[in-house]
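Below: the structure, in structure tokens.
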Amino acid sequence: MTTTLTRPGALAASGHPLVRPDAAKHLTDAQVEELGRELDAVRDEVLAKRGATDAAYIRRVIKVQRSLEFAGRGALMFSKYKPAWFAGTAMLSVAKILENMEIGHNVLHGQWDWMRDPDIHSTTWEWDFVTPARSWQHTHNDLHHRWTNVIGKDKDIGYNLLRMDPDQPWKPFNLGNPLYNALLAPVFEWGIAVYDLEILEYKEGLKSKEAMHRDLKAMGKKVLTQFSKDYAATPAVAMLTGSGKQALYGTLAANAIRNFWAHAVIFCGHFPDGTDTFTEEEVDGETRGDWYVRQMIGSANISGSRLMHLMTGNLSHQIEHHCFPDLPSNRYAEVAVKVREITSRYKLPYTTGPLPKQVGSTWAKIFKLALPNRAPKAATA
Amino acid sequence: MRCMKNIIGRDYIVVMMIRFKKLARAASALTTPLTPEDFLSLFNPVYSSRQLRGVVTRVVHETEDSATIYFRPGSGWHAHQAGQWARIGVELDGVRQWRSYSLSNAADSEPAITVKDAGSVSHVLVRDTKPGDILFLAPPQGDFVLPEHPRSLLMLTAGSGITPVMSMIRTLIPRRPDADVVLINSNSTPERSVFREELDELADQFPNLTVRHWFTSVRGRLDFTAKAIADLCPDWRDRAAYACGPESFLDDAEDLWNREAALETARAVPIGGEGAATRPSGGSTLTIERFSTDLTAGAGHDGGLVTFEQSDREVQADGATPLLDVGEDAGVLMPSGCRMGICHSCLIPLRAGAVRDLRTGEVHNEPGQLIQTCVSAAAGPVNLDL
């Protein structure tokens, strides 16, 4: 409904798109086909190994997350005492980050569907985030992952709010780019919720009234339960110990910390220097190998420790996640070694760097694109 | 003593669960989108409002390769009727696997399944299960049950086909002196005959049960001719018959009852009739229980008939077209997303049959399994829950 281009059930193994992206221009059709086969083999290798240890991993993360949330909210019950406030807020922040990133995002991708556990499944999971899981799955799993970095198709390039690519036409509104991004960060979950409503598509007649009504109803319900849990029910219980106000502030802080963190990590996925965007010609006729190429050169990783990878929900392995969105996240680290080796052999860029560098690079782009393009491109536009 | 404690413990839990339901609804305001049980399960893994589970209480090894597993089901289970079966889920290498097993215990006692080690799931159940283990459960179901009104019965069983019939015998024989049951129980050897000793004891103790053991290692396959059956049970034509066992055993039984019915209709126009059941003379009907409906025969072949159960559509599909396209072309409202196997928006439960993953060539044929219709094609007949 929302897209006019359709795709076959599986991409062709051989052939070529109308235009191959610049970064992959040096590759022949046969080389791209071989690259596709090599990446398929990486995926098959993980599928062959996937089993009880992976299942134990996600259950362990869920257990740690729930324990932290339980302890965090418990500590906030006594948050009129400063140490309890700090401990509770810290634990709840970490719990919320884990819940959204390593658990929610990945479960909703279907990374754990293979376990056939109805409690850890993409069709049943709901997360601690204002946007309803089903709405997010549509805009994220379907639209963003299918059209990764294709200008005009992947609305995640700026979320209809920011100008994130020089090929997006400049408007005076974009002067506020840095301001909008700064304002978005602490309320990121609300930004995503509004974005998932696809208001622009509705205005353009690409989304039906019934679908809009259904999504608004689902979101209204979710907002109500989320809001009353964090800002009414749990502070009300804390009032019993005279900590109501402090518990409210603690929860507010935890949500803001989670929002800041999620915003920072997610903006490092496709916006740092070195990532490419694509035209519709570059995806028209795309083969399996070309699809992998687009995912790899359109995404950026964050380097760091195992704890770092866990706290980013393994979105620090954005390149691997985009190549294999439904492989279990605990496998991305080992997959990354192979993907990186393949990109270097095929002389393709592999963008990675520590968090501060990637965040800095993203912010630099946000500032730069607030202004019209300086290159000759702007003159011809 | 232990029994007493158990009963008290169980009542306490039931009372708590009822009170807890109301409390849980209130408490969920604090835990949404999770439930209070999700947090309680941190302390006790049996708590689950979404999934019915049971705790294994006892494992009894019956023969060299079979065992009876007794379990205490959680709330959501209902007592079984003798002869019914339940779906049992276990995890094999991280993946939930479901199989159906007949409940072998008497109708009003602690539920138990008797399993023969014959495949990956039954192997784990027979060899590795111990008290305290958790089983995933679906409530008992099935039509292979005792007749409503008392009448004389003939039970024909082979191998592990004895399990549902054992439940019927245990339910009926000790309590109903008016019951009249003949059991013809076929096994390869006495050693491999599950429940053999208990059956003999029951037959000794209760005159209303006659047990005819048939050992194929000694006497060869049981011949389903009127004469052979009459040798074992002279008045077989006057009994309501129940058969449970392997495919060929049931086919043979069905053939005999069909032949008898044909003879009967040739002789006279039948008076009234129940239709579905095969009835030769007098009032003998044959009720059969198959362990599995073999729809996997299509696996390895290309294409097949695709049935969209709820939408009530049937389409012939080739082995290369994704089921998503097949459904859409047939006008079925198919959930869909990326159409390339990455977003999992198109998952539909497989009711029966086999599909092939167009990407890997892997064939899936697990009933209840969610399949990605956008990258799966028919590999034989397919029945989808949509």
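Within each chain, counting starts at residue 1; across the structure tokens, chains are named A, B, ... in the order shown, with ligands numbered 1 upward in that order.
Within 7 Å of chain B, counting only C-alpha atoms, chain A contributes Arg7, Gly9, Ala10, Gly51, Ala52, Ala55, Lys63, Arg66, His109, Gly110, Trp114, Met115, Arg116, Asp117, Glu126, Trp127, Asp128, Asn141, Asp142, Arg146, Thr225, Lys229, Ala233, Thr234, Pro325 and Asp326 of chain A.
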Please provide the set of residues having any atom within 9 Å of segment 99-114 of chain B, restricted to only C-alpha atoms, with same-chain residues fewer than 5 positions apart removed, written as a PyMOL selection string. chain B and resi 62+66-73+79-90+121-122+126+140+160-172+194+291-292+367
Based on the selection just made, write C-alpha atoms of those residues as a short mmCIF file (atom, residue, chain, number, x, y, z; two decimals), in the first residue's frame.
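Output saved as again-v8.cif:
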```cif
data_model
loop_
_atom_site.label_atom_id
_atom_site.label_comp_id
_atom_site.auth_asym_id
_atom_site.auth_seq_id
_atom_site.Cartn_x
_atom_site.Cartn_y
_atom_site.Cartn_z
CA GLU B 62 7.92 -49.61 31.64
CA SER B 66 9.41 -46.81 27.13
CA ALA B 67 8.53 -44.80 30.22
CA THR B 68 5.48 -43.33 31.90
CA ILE B 69 5.81 -39.70 32.93
CA TYR B 70 3.45 -38.41 35.59
CA PHE B 71 2.99 -34.65 35.84
CA ARG B 72 1.15 -32.03 37.86
CA PRO B 73 -0.38 -29.56 35.39
CA ALA B 79 -9.16 -33.48 33.48
CA HIS B 80 -8.93 -35.85 30.54
CA GLN B 81 -11.46 -38.40 29.39
CA ALA B 82 -10.07 -41.92 29.07
CA GLY B 83 -8.58 -42.30 25.61
CA GLN B 84 -7.78 -38.64 25.00
CA TRP B 85 -4.39 -37.21 24.09
CA ALA B 86 -2.50 -34.01 24.87
CA ARG B 87 0.20 -32.01 23.11
CA ILE B 88 3.43 -32.08 25.07
CA GLY B 89 6.18 -29.54 24.42
CA VAL B 90 9.83 -29.99 25.26
CA VAL B 121 11.37 -35.86 21.21
CA SER B 122 10.33 -39.23 22.61
CA VAL B 126 12.09 -41.44 27.86
CA PRO B 140 -6.38 -32.90 26.55
CA SER B 160 2.35 -48.23 21.94
CA GLY B 161 -1.25 -48.15 20.66
CA ILE B 162 -2.08 -49.63 24.06
CA THR B 163 -1.66 -46.21 25.79
CA PRO B 164 -5.11 -44.64 25.26
CA VAL B 165 -6.77 -48.04 25.67
CA MET B 166 -4.91 -48.53 28.96
CA SER B 167 -6.52 -45.33 30.21
CA MET B 168 -9.93 -46.72 29.20
CA ILE B 169 -9.30 -50.07 30.90
CA ARG B 170 -7.98 -48.45 34.08
CA THR B 171 -11.00 -46.14 34.17
CA LEU B 172 -13.60 -48.75 33.40
CA VAL B 194 3.99 -52.23 27.74
CA PHE B 291 -0.95 -41.56 16.03
CA SER B 292 -0.14 -39.32 13.10
CA PRO B 367 2.35 -28.66 13.06
#
```
Report as an MDAnalysis selection string all protein, DNA and RNA residues lying within 12 Å of Glu198 of chain A, evaluated on only C-alpha atoms, omitting residues in the same chain fewer than 4 positions from it. chainID A and resid 2 135:136 138:140 143 155:156 159:160 191:194 202:209 211:213 215:216
My list of candidates is A:Trp112, A:Tyr350, A:Tyr195, A:Phe278. Which is closest to Leu327 of chain A when distances are computed with only C-alpha atoms? A:Trp112
Give the strand (DSSP E or B) residues of segment 92-318 of chain B, as assigned by DSSP on the backbone, as a PyMOL selection string. chain B and resi 92+95-103+112-116+134-137+141+153-158+181-187+209-215+240-245+278+286-290+303-308+313-317
